[in-house]
file final.txt (compact mmCIF, C-alpha atoms)
# COMPACT_ATOMS: atom_id res chain seq x y z
CA MET A 1 130.10 87.66 111.21
CA HIS A 2 131.01 84.35 112.70
CA LYS A 3 128.69 81.36 112.79
CA MET A 4 126.02 81.44 115.43
CA LYS A 5 123.37 78.91 116.38
CA LEU A 6 119.75 79.92 115.83
CA SER A 7 119.00 78.62 119.32
CA GLU A 8 121.41 81.20 120.73
CA ILE A 9 119.46 84.19 119.41
CA VAL A 10 116.13 82.51 120.08
CA ASP A 11 117.13 82.52 123.75
CA SER A 12 118.80 85.88 123.94
CA LEU A 13 116.23 87.81 121.88
CA SER A 14 113.27 85.82 123.26
CA LEU A 15 112.09 84.77 119.81
CA SER A 16 109.18 82.39 119.31
CA VAL A 17 109.78 79.29 117.21
CA VAL A 18 106.87 79.06 114.77
CA THR A 19 108.12 75.90 113.09
CA GLY A 20 111.32 74.01 112.39
CA GLY A 21 114.54 73.21 114.17
CA ILE A 22 116.86 75.80 115.73
CA ASP A 23 120.00 73.73 115.86
CA ARG A 24 121.29 75.17 112.58
CA ASP A 25 124.01 77.82 112.36
CA PHE A 26 123.38 81.11 110.58
CA GLU A 27 126.22 83.10 109.09
CA GLY A 28 124.62 86.35 107.95
CA VAL A 29 121.49 88.47 108.19
CA TYR A 30 119.32 89.99 105.48
CA ALA A 31 116.37 92.27 106.21
CA GLY A 32 113.81 93.18 103.55
CA ASP A 33 110.32 92.50 102.25
CA PHE A 34 110.66 92.79 98.50
CA LEU A 35 110.65 89.11 97.55
CA SER A 36 112.16 89.32 94.07
CA ARG A 37 115.02 91.30 95.56
CA ALA A 38 115.35 88.99 98.55
CA MET A 39 115.61 86.10 96.09
CA SER A 40 118.87 87.54 94.78
CA ARG A 41 120.18 88.96 98.07
CA VAL A 42 119.49 86.34 100.74
CA GLU A 43 122.47 84.02 100.91
CA ALA A 44 122.62 80.42 102.06
CA ASP A 45 122.70 80.18 105.86
CA ASP A 46 121.35 83.74 106.27
CA LEU A 47 118.79 84.70 108.84
CA TRP A 48 116.15 86.61 106.86
CA ILE A 49 114.09 89.21 108.72
CA THR A 50 110.82 90.20 107.04
CA ILE A 51 107.19 91.12 107.67
CA MET A 52 105.95 89.19 104.63
CA ASN A 53 103.90 86.17 105.64
CA ASN A 54 102.67 84.44 102.49
CA VAL A 55 103.73 81.17 100.91
CA ASN A 56 106.12 82.91 98.52
CA VAL A 57 108.33 83.83 101.48
CA ILE A 58 108.77 80.14 102.23
CA ALA A 59 109.59 79.49 98.58
CA VAL A 60 112.26 82.20 98.52
CA ALA A 61 113.77 80.96 101.82
CA SER A 62 113.79 77.45 100.44
CA LEU A 63 115.38 78.48 97.12
CA THR A 64 118.07 80.56 98.82
CA ASP A 65 118.60 77.98 101.57
CA ALA A 66 118.22 80.62 104.28
CA ALA A 67 118.93 79.30 107.77
CA ALA A 68 115.62 80.71 109.00
CA ILE A 69 112.95 83.33 108.44
CA LEU A 70 112.45 85.77 111.30
CA LEU A 71 109.03 87.41 111.21
CA ALA A 72 108.98 90.87 112.79
CA GLU A 73 106.12 92.74 114.44
CA ASN A 74 104.34 89.57 115.54
CA VAL A 75 103.27 88.83 111.99
CA SER A 76 101.79 85.35 111.75
CA LEU A 77 102.21 83.06 108.77
CA MET A 78 99.27 82.45 106.47
CA PRO A 79 97.99 78.87 106.90
CA ASP A 80 99.29 77.69 103.51
CA ALA A 81 102.66 79.27 104.26
CA LEU A 82 102.87 77.46 107.59
CA ALA A 83 102.01 74.17 105.89
CA ALA A 84 104.68 74.79 103.24
CA ALA A 85 107.28 75.68 105.88
CA ARG A 86 106.59 72.41 107.69
CA GLU A 87 106.68 70.40 104.49
CA LYS A 88 109.86 72.02 103.19
CA ASP A 89 111.51 72.05 106.60
CA VAL A 90 112.00 75.82 106.66
CA THR A 91 112.57 77.24 110.14
CA VAL A 92 110.35 80.21 110.97
CA LEU A 93 110.92 82.37 114.04
CA SER A 94 108.88 85.33 115.22
CA SER A 95 109.21 88.39 117.40
CA GLY A 96 107.16 91.40 118.48
CA LEU A 97 110.04 93.71 117.62
CA SER A 98 110.16 95.69 114.38
CA VAL A 99 112.66 94.87 111.63
CA TYR A 100 114.79 97.81 112.78
CA GLU A 101 114.67 96.79 116.42
CA LEU A 102 115.61 93.23 115.52
CA CYS A 103 118.59 94.43 113.47
CA VAL A 104 119.75 96.60 116.37
CA ALA A 105 119.30 93.75 118.84
CA LEU A 106 121.21 91.34 116.59
CA GLY A 107 123.96 93.91 116.09
CA ARG A 108 124.26 94.44 119.84
CA TYR A 109 124.37 90.72 120.34
CA GLY A 110 127.40 90.52 118.10
CA THR A 111 126.22 89.50 114.64
CA VAL A 112 127.96 92.57 113.19
CA SER A 113 131.67 92.03 112.93
CA MET B 1 111.28 93.04 89.91
CA GLU B 2 110.56 96.61 90.84
CA GLU B 3 108.70 97.65 87.71
CA PHE B 4 105.43 96.36 86.36
CA SER B 5 106.82 96.02 82.82
CA LEU B 6 109.17 93.30 84.12
CA TYR B 7 106.20 91.31 85.38
CA VAL B 8 104.66 91.61 81.92
CA LEU B 9 107.89 90.31 80.36
CA ASP B 10 108.08 87.43 82.82
CA ILE B 11 104.47 86.34 82.39
CA VAL B 12 104.46 86.62 78.58
CA MET B 13 107.61 84.47 78.48
CA ASN B 14 105.52 81.68 80.01
CA SER B 15 103.37 81.76 76.86
CA VAL B 16 106.49 81.68 74.69
CA ARG B 17 107.80 78.68 76.61
CA ALA B 18 104.41 77.01 76.19
CA GLY B 19 105.18 76.99 72.46
CA ALA B 20 102.52 79.53 71.48
CA ASP B 21 102.41 80.81 67.88
CA ASN B 22 99.98 83.60 68.72
CA ILE B 23 100.16 85.68 71.89
CA ASP B 24 97.82 88.60 72.54
CA VAL B 25 98.86 90.99 75.27
CA THR B 26 96.42 93.66 76.42
CA LEU B 27 96.97 96.32 79.03
CA ASP B 28 93.79 98.20 79.86
CA ASP B 29 94.83 101.21 81.86
CA ARG B 30 91.55 103.10 81.75
CA GLY B 31 89.39 104.49 84.52
CA GLY B 32 91.80 104.02 87.42
CA MET B 33 92.07 100.25 87.02
CA LEU B 34 94.79 98.26 85.30
CA THR B 35 93.94 94.97 83.64
CA PHE B 36 96.71 92.86 82.15
CA LYS B 37 95.54 90.07 79.89
CA VAL B 38 97.56 87.48 78.02
CA THR B 39 95.97 84.98 75.66
CA ASP B 40 98.04 82.33 73.94
CA ASP B 41 97.62 79.20 71.85
CA GLY B 42 100.41 77.34 73.61
CA CYS B 43 100.32 73.84 75.03
CA GLY B 44 98.03 74.89 77.88
CA MET B 45 97.78 73.29 81.28
CA THR B 46 95.81 70.39 82.67
CA LYS B 47 93.31 71.00 85.45
CA ASP B 48 95.80 69.61 87.90
CA GLN B 49 98.61 71.89 86.72
CA LEU B 50 96.26 74.88 86.74
CA GLU B 51 95.28 74.26 90.35
CA ARG B 52 98.88 74.32 91.43
CA LEU B 53 99.87 77.31 89.31
CA THR B 54 99.97 79.78 92.20
CA ASP B 55 101.81 77.35 94.45
CA PRO B 56 105.42 78.54 94.26
CA PHE B 57 106.75 75.08 95.09
CA PHE B 58 104.96 73.61 92.12
CA THR B 59 106.24 76.31 89.79
CA THR B 60 109.80 76.40 91.06
CA ARG B 61 110.35 72.73 91.59
CA LYS B 62 108.35 70.69 89.13
CA THR B 63 108.27 72.65 85.92
CA ARG B 64 111.43 74.05 84.53
CA GLY B 65 111.90 77.72 83.95
CA VAL B 66 108.52 78.94 85.13
CA GLY B 67 109.86 80.37 88.35
CA LEU B 68 107.89 82.42 90.81
CA GLY B 69 106.30 84.45 88.03
CA VAL B 70 102.64 83.73 88.65
CA PRO B 71 102.90 83.62 92.47
CA PHE B 72 104.65 87.00 92.45
CA LEU B 73 102.13 88.47 90.01
CA LYS B 74 99.26 87.22 92.17
CA MET B 75 100.89 88.69 95.25
CA LEU B 76 101.32 92.08 93.58
CA ALA B 77 97.72 92.01 92.36
CA GLU B 78 96.35 91.06 95.78
CA GLN B 79 98.48 93.66 97.53
CA THR B 80 96.76 96.35 95.47
CA GLY B 81 93.26 94.91 95.88
CA GLY B 82 93.22 93.07 92.55
CA ASP B 83 93.38 89.43 91.52
CA VAL B 84 94.76 86.95 88.99
CA THR B 85 92.62 84.40 87.17
CA VAL B 86 93.94 81.83 84.73
CA SER B 87 91.98 79.54 82.45
CA SER B 88 93.60 76.97 80.23
CA VAL B 89 92.93 74.11 77.85
CA ALA B 90 95.69 71.54 77.60
CA VAL B 91 96.81 70.23 74.23
CA SER B 92 96.36 66.72 75.66
CA ASP B 93 92.66 67.47 76.22
CA SER B 94 92.04 69.38 73.01
CA PRO B 95 94.62 68.99 70.22
CA GLU B 96 92.79 71.56 68.07
CA HIS B 97 91.95 74.39 70.46
CA HIS B 98 94.36 74.74 73.32
CA GLY B 99 96.01 77.59 75.14
CA THR B 100 95.97 79.76 78.21
CA THR B 101 94.38 83.04 79.20
CA LEU B 102 95.66 84.97 82.19
CA VAL B 103 93.87 88.05 83.50
CA ALA B 104 95.41 90.13 86.27
CA THR B 105 93.79 93.22 87.76
CA PHE B 106 95.45 95.95 89.81
CA HIS B 107 94.60 99.26 91.39
CA PRO B 108 97.59 101.23 90.09
CA ASP B 109 96.93 104.12 92.49
CA HIS B 110 97.23 101.78 95.49
CA ILE B 111 100.17 102.71 97.69
CA ASP B 112 101.76 99.26 97.25
CA PHE B 113 101.70 99.30 93.45
CA ILE B 114 105.09 99.58 91.77
CA PRO B 115 106.20 101.91 88.97
CA MET B 116 104.96 100.95 85.51
CA GLY B 117 108.43 100.83 83.98
CA ASP B 118 109.03 100.92 80.24
CA ILE B 119 106.32 98.87 78.55
CA LYS B 120 107.67 99.79 75.09
CA ASP B 121 110.96 98.21 76.01
CA THR B 122 109.19 95.04 77.16
CA PHE B 123 107.35 94.76 73.83
CA VAL B 124 110.56 95.28 71.84
CA THR B 125 112.46 92.76 74.00
CA LEU B 126 109.75 90.15 73.44
CA ILE B 127 109.79 90.63 69.66
CA GLN B 128 113.59 90.67 69.53
CA GLY B 129 113.89 87.41 71.42
CA ASN B 130 110.96 85.69 69.70
CA PRO B 131 110.71 87.03 66.14
CA ASP B 132 108.59 84.10 64.93
CA VAL B 133 105.80 84.54 67.46
CA ASN B 134 102.74 86.51 66.36
CA PHE B 135 102.47 89.01 69.19
CA THR B 136 99.64 91.48 69.34
CA PHE B 137 100.19 94.26 71.85
CA VAL B 138 97.35 96.55 72.80
CA HIS B 139 97.66 99.24 75.46
CA LEU B 140 94.40 101.05 76.15
CA MET B 141 94.70 104.32 78.03
CA ASP B 142 92.27 107.10 78.90
CA GLY B 143 93.84 109.32 76.26
CA GLY B 144 93.97 106.76 73.46
CA GLU B 145 95.53 103.43 72.56
CA VAL B 146 98.74 101.89 71.28
CA ARG B 147 98.56 98.83 69.04
CA LEU B 148 101.21 96.66 67.46
CA SER B 149 100.61 93.48 65.49
CA CYS B 150 103.54 91.30 64.48
CA ALA B 151 101.39 89.49 61.91
CA GLU B 152 100.62 92.82 60.22
CA LEU B 153 104.26 93.84 60.33
CA ARG B 154 105.26 90.55 58.77
CA SER B 155 102.67 90.81 56.00
CA VAL B 156 104.03 94.24 55.09
CA LEU B 157 107.69 93.23 55.30
CA GLY B 158 107.37 89.83 53.63
CA ASP B 159 108.88 86.58 54.85
CA GLY B 160 112.49 87.43 54.03
CA ILE B 161 112.99 90.01 56.77
CA PRO B 162 112.95 88.75 60.35
CA LEU B 163 111.31 91.04 62.91
CA SER B 164 114.47 90.73 64.98
CA SER B 165 116.60 92.51 62.38
CA ALA B 166 118.12 95.74 63.65
CA GLU B 167 116.26 97.98 61.20
CA VAL B 168 112.86 96.50 62.02
CA LEU B 169 113.46 96.70 65.77
CA ALA B 170 114.55 100.34 65.41
CA TRP B 171 111.39 101.06 63.46
CA ILE B 172 109.23 99.33 66.10
CA ARG B 173 110.95 101.33 68.84
CA ASP B 174 110.28 104.60 67.03
CA TYR B 175 106.73 103.63 66.20
CA LEU B 176 105.94 102.80 69.84
CA ALA B 177 107.70 105.92 71.15
CA GLU B 178 105.65 108.08 68.77
CA ALA B 179 102.41 106.29 69.57
CA TYR B 180 102.92 106.81 73.31
CA GLN B 181 104.05 110.39 72.75
CA GLU B 182 100.80 111.21 70.96
CA ILE B 183 98.75 110.01 73.91
CA LYS B 184 100.72 112.02 76.44
call {"tool": "encode", "arguments": {"input": "final.txt", "output": "structure tokens"}}
result
Amino acid sequence: MHKMKLSEIVDSLSLSVVTGGIDRDFEGVYAGDFLSRAMSRVEADDLWITIMNNVNVIAVASLTDAAAILLAENVSLMPDALAAAREKDVTVLSSGLSVYELCVALGRYGTVS
Amino acid sequence: MEEFSLYVLDIVMNSVRAGADNIDVTLDDRGGMLTFKVTDDGCGMTKDQLERLTDPFFTTRKTRGVGLGVPFLKMLAEQTGGDVTVSSVAVSDSPEHHGTTLVATFHPDHIDFIPMGDIKDTFVTLIQGNPDVNFTFVHLMDGGEVRLSCAELRSVLGDGIPLSSAEVLAWIRDYLAEAYQEIK
């Protein structure tokens, strides 16, 4: 896929911004909840869709340099995870859609090339 | 890490990296609960380090090579209704008696628990990579128990033969396979 600004999908998919800036570009999407696997599969500048909400998610996003975490199903971050996201400057977005619905919506929007 | 045996490997390697000479690993798999306990005589942790042990940013950023091991283990334990507790005495606080004990509990029949994996393989890998460490492995199961003591092995073999030699490792592999076979 080509580069796309986070702000673009925040607008078009009506995502909430939990924390962090949305000016950054993302260049790929990974969806999955198994953190040790995500650690090896999320690439730098990916948008990572997950329902996991603990502090380890922030650590994995930070290590992989994901562009943002997108929490599905209106999952809210645990307080320590939110604090870590703010401290480490990790962008966290959220949506009421499921992981599947988000992937479909992103695909329709043109993130699948 | 999709198998529990890989968590065991990862956590026990923390004890190795802490410079432990003696590492006791117990898996108590009886009565529908799983308790994983590691006791070592490594360099231990200060109170401050211990407090930050489950903080992934502490473990990934400030100490080398520890990784997300303990945070992931804690997450797995909590997902299955269990917990992880760690106690430690730092070598700086007690030069004579130092080390760390980690106890993790799981409900292995919880829907979010992962497959056990090959524990035998984990034990062999640990011995192969760290032949000078005195590992004691104990796996307690409802049908019986499996025990392996590196100190005992060494006293039988003498000092000349490293535990990492091919013949010894093959023997350990067979011994563990047989021991597990008998319980099944």
call {"tool": "interface_residues", "arguments": {"input": "final.txt", "of": "chain B", "to": "chain A", "cutoff": "12 Å", "atoms": "all atoms listed in the file", "output": "PDB file with C-alpha atoms, in the coordinates of the input"}}
result
ATOM      1  CA  MET B   1     111.280  93.040  89.910  1.00  0.00           C
ATOM      2  CA  GLU B   2     110.560  96.610  90.840  1.00  0.00           C
ATOM      3  CA  GLU B   3     108.700  97.650  87.710  1.00  0.00           C
ATOM      4  CA  LEU B   6     109.170  93.300  84.120  1.00  0.00           C
ATOM      5  CA  TYR B   7     106.200  91.310  85.380  1.00  0.00           C
ATOM      6  CA  THR B  54      99.970  79.780  92.200  1.00  0.00           C
ATOM      7  CA  ASP B  55     101.810  77.350  94.450  1.00  0.00           C
ATOM      8  CA  PRO B  56     105.420  78.540  94.260  1.00  0.00           C
ATOM      9  CA  PHE B  57     106.750  75.080  95.090  1.00  0.00           C
ATOM     10  CA  PHE B  58     104.960  73.610  92.120  1.00  0.00           C
ATOM     11  CA  THR B  59     106.240  76.310  89.790  1.00  0.00           C
ATOM     12  CA  THR B  60     109.800  76.400  91.060  1.00  0.00           C
ATOM     13  CA  ARG B  61     110.350  72.730  91.590  1.00  0.00           C
ATOM     14  CA  GLY B  67     109.860  80.370  88.350  1.00  0.00           C
ATOM     15  CA  LEU B  68     107.890  82.420  90.810  1.00  0.00           C
ATOM     16  CA  GLY B  69     106.300  84.450  88.030  1.00  0.00           C
ATOM     17  CA  VAL B  70     102.640  83.730  88.650  1.00  0.00           C
ATOM     18  CA  PRO B  71     102.900  83.620  92.470  1.00  0.00           C
ATOM     19  CA  PHE B  72     104.650  87.000  92.450  1.00  0.00           C
ATOM     20  CA  LEU B  73     102.130  88.470  90.010  1.00  0.00           C
ATOM     21  CA  LYS B  74      99.260  87.220  92.170  1.00  0.00           C
ATOM     22  CA  MET B  75     100.890  88.690  95.250  1.00  0.00           C
ATOM     23  CA  LEU B  76     101.320  92.080  93.580  1.00  0.00           C
ATOM     24  CA  GLU B  78      96.350  91.060  95.780  1.00  0.00           C
ATOM     25  CA  GLN B  79      98.480  93.660  97.530  1.00  0.00           C
ATOM     26  CA  ASP B 112     101.760  99.260  97.250  1.00  0.00           C
ATOM     27  CA  ILE B 114     105.090  99.580  91.770  1.00  0.00           C
TER      28      ILE B 114
END
call {"tool": "residues_around", "arguments": {"input": "final.txt", "residues": "region 82-98 of chain B", "least_positions_apart": "4", "cutoff": "7 Å", "atoms": "all atoms listed in the file", "output": "list in words"}}
result
Asp41, Gly42, Cys43, Gly44, Met45, Thr46, Lys74, Ala77, Glu78, Leu102, Val103, Ala104, Thr105, Phe106 and His107 of chain B
call {"tool": "residues_around", "arguments": {"input": "final.txt", "residues": "Leu126 (chain B)", "least_positions_apart": "2", "cutoff": "9 Å", "atoms": "all atoms listed in the file", "output": "ChimeraX atom specification"}}
result
/B:9,12-13,121-124,128-131,135
call {"tool": "residues_near_point", "arguments": {"input": "final.txt", "point": "(111.2, 85.8, 111.4)", "cutoff": "7 Å", "atoms": "only C-alpha atoms", "output": "list in words"}}
result
Trp48, Ile49, Thr50, Ile69, Leu70, Leu71, Ala72, Val92, Leu93, Ser94 and Ser95 of chain A
call {"tool": "atom_distance", "arguments": {"input": "final.txt", "atom1": "CA of Pro108 (chain B)", "atom2": "CA of Thr26 (chain B)"}}
result
15.7 Å
call {"tool": "residues_around", "arguments": {"input": "final.txt", "residues": "region 97-111 of chain A", "least_positions_apart": "4", "cutoff": "9 Å", "atoms": "all atoms listed in the file", "output": "mmCIF file with C-alpha atoms, keeping the file's coordinate frame"}}
result
data_model
loop_
_atom_site.group_PDB
_atom_site.id
_atom_site.type_symbol
_atom_site.label_atom_id
_atom_site.label_comp_id
_atom_site.auth_asym_id
_atom_site.auth_seq_id
_atom_site.Cartn_x
_atom_site.Cartn_y
_atom_site.Cartn_z
ATOM 1 C CA MET A 1 130.100 87.660 111.210
ATOM 2 C CA HIS A 2 131.010 84.350 112.700
ATOM 3 C CA LYS A 3 128.690 81.360 112.790
ATOM 4 C CA MET A 4 126.020 81.440 115.430
ATOM 5 C CA ILE A 9 119.460 84.190 119.410
ATOM 6 C CA SER A 12 118.800 85.880 123.940
ATOM 7 C CA LEU A 13 116.230 87.810 121.880
ATOM 8 C CA GLU A 27 126.220 83.100 109.090
ATOM 9 C CA GLY A 28 124.620 86.350 107.950
ATOM 10 C CA VAL A 29 121.490 88.470 108.190
ATOM 11 C CA ALA A 31 116.370 92.270 106.210
ATOM 12 C CA GLY A 32 113.810 93.180 103.550
ATOM 13 C CA ILE A 49 114.090 89.210 108.720
ATOM 14 C CA THR A 50 110.820 90.200 107.040
ATOM 15 C CA ILE A 51 107.190 91.120 107.670
ATOM 16 C CA LEU A 71 109.030 87.410 111.210
ATOM 17 C CA ALA A 72 108.980 90.870 112.790
ATOM 18 C CA GLU A 73 106.120 92.740 114.440
ATOM 19 C CA ASN A 74 104.340 89.570 115.540
#
call {"tool": "residues_near_point", "arguments": {"input": "final.txt", "point": "(118.5, 78.4, 119.9)", "cutoff": "12 Å", "atoms": "only C-alpha atoms", "output": "number ranges by chain"}}
result
A: 4-17, 20-26, 68, 91, 93
call {"tool": "closest_residue", "arguments": {"input": "final.txt", "among": "B:Val156, B:Leu148, B:Met33, B:Gln49", "to": "Phe113 (chain B)", "atoms": "all atoms listed in the file"}}
result
B:Met33
call {"tool": "atom_distance", "arguments": {"input": "final.txt", "atom1": "CA of Val133 (chain B)", "atom2": "CA of Phe4 (chain B)"}}
result
22.3 Å
call {"tool": "atom_distance", "arguments": {"input": "final.txt", "atom1": "CA of Asp28 (chain B)", "atom2": "CA of Asp132 (chain B)"}}
result
25.3 Å
call {"tool": "residues_around", "arguments": {"input": "final.txt", "residues": "Val168 (chain B)", "least_positions_apart": "6", "cutoff": "10 Å", "atoms": "all atoms listed in the file", "output": "PyMOL selection string"}}
result
chain B and resi 128+153+157+161-162+174
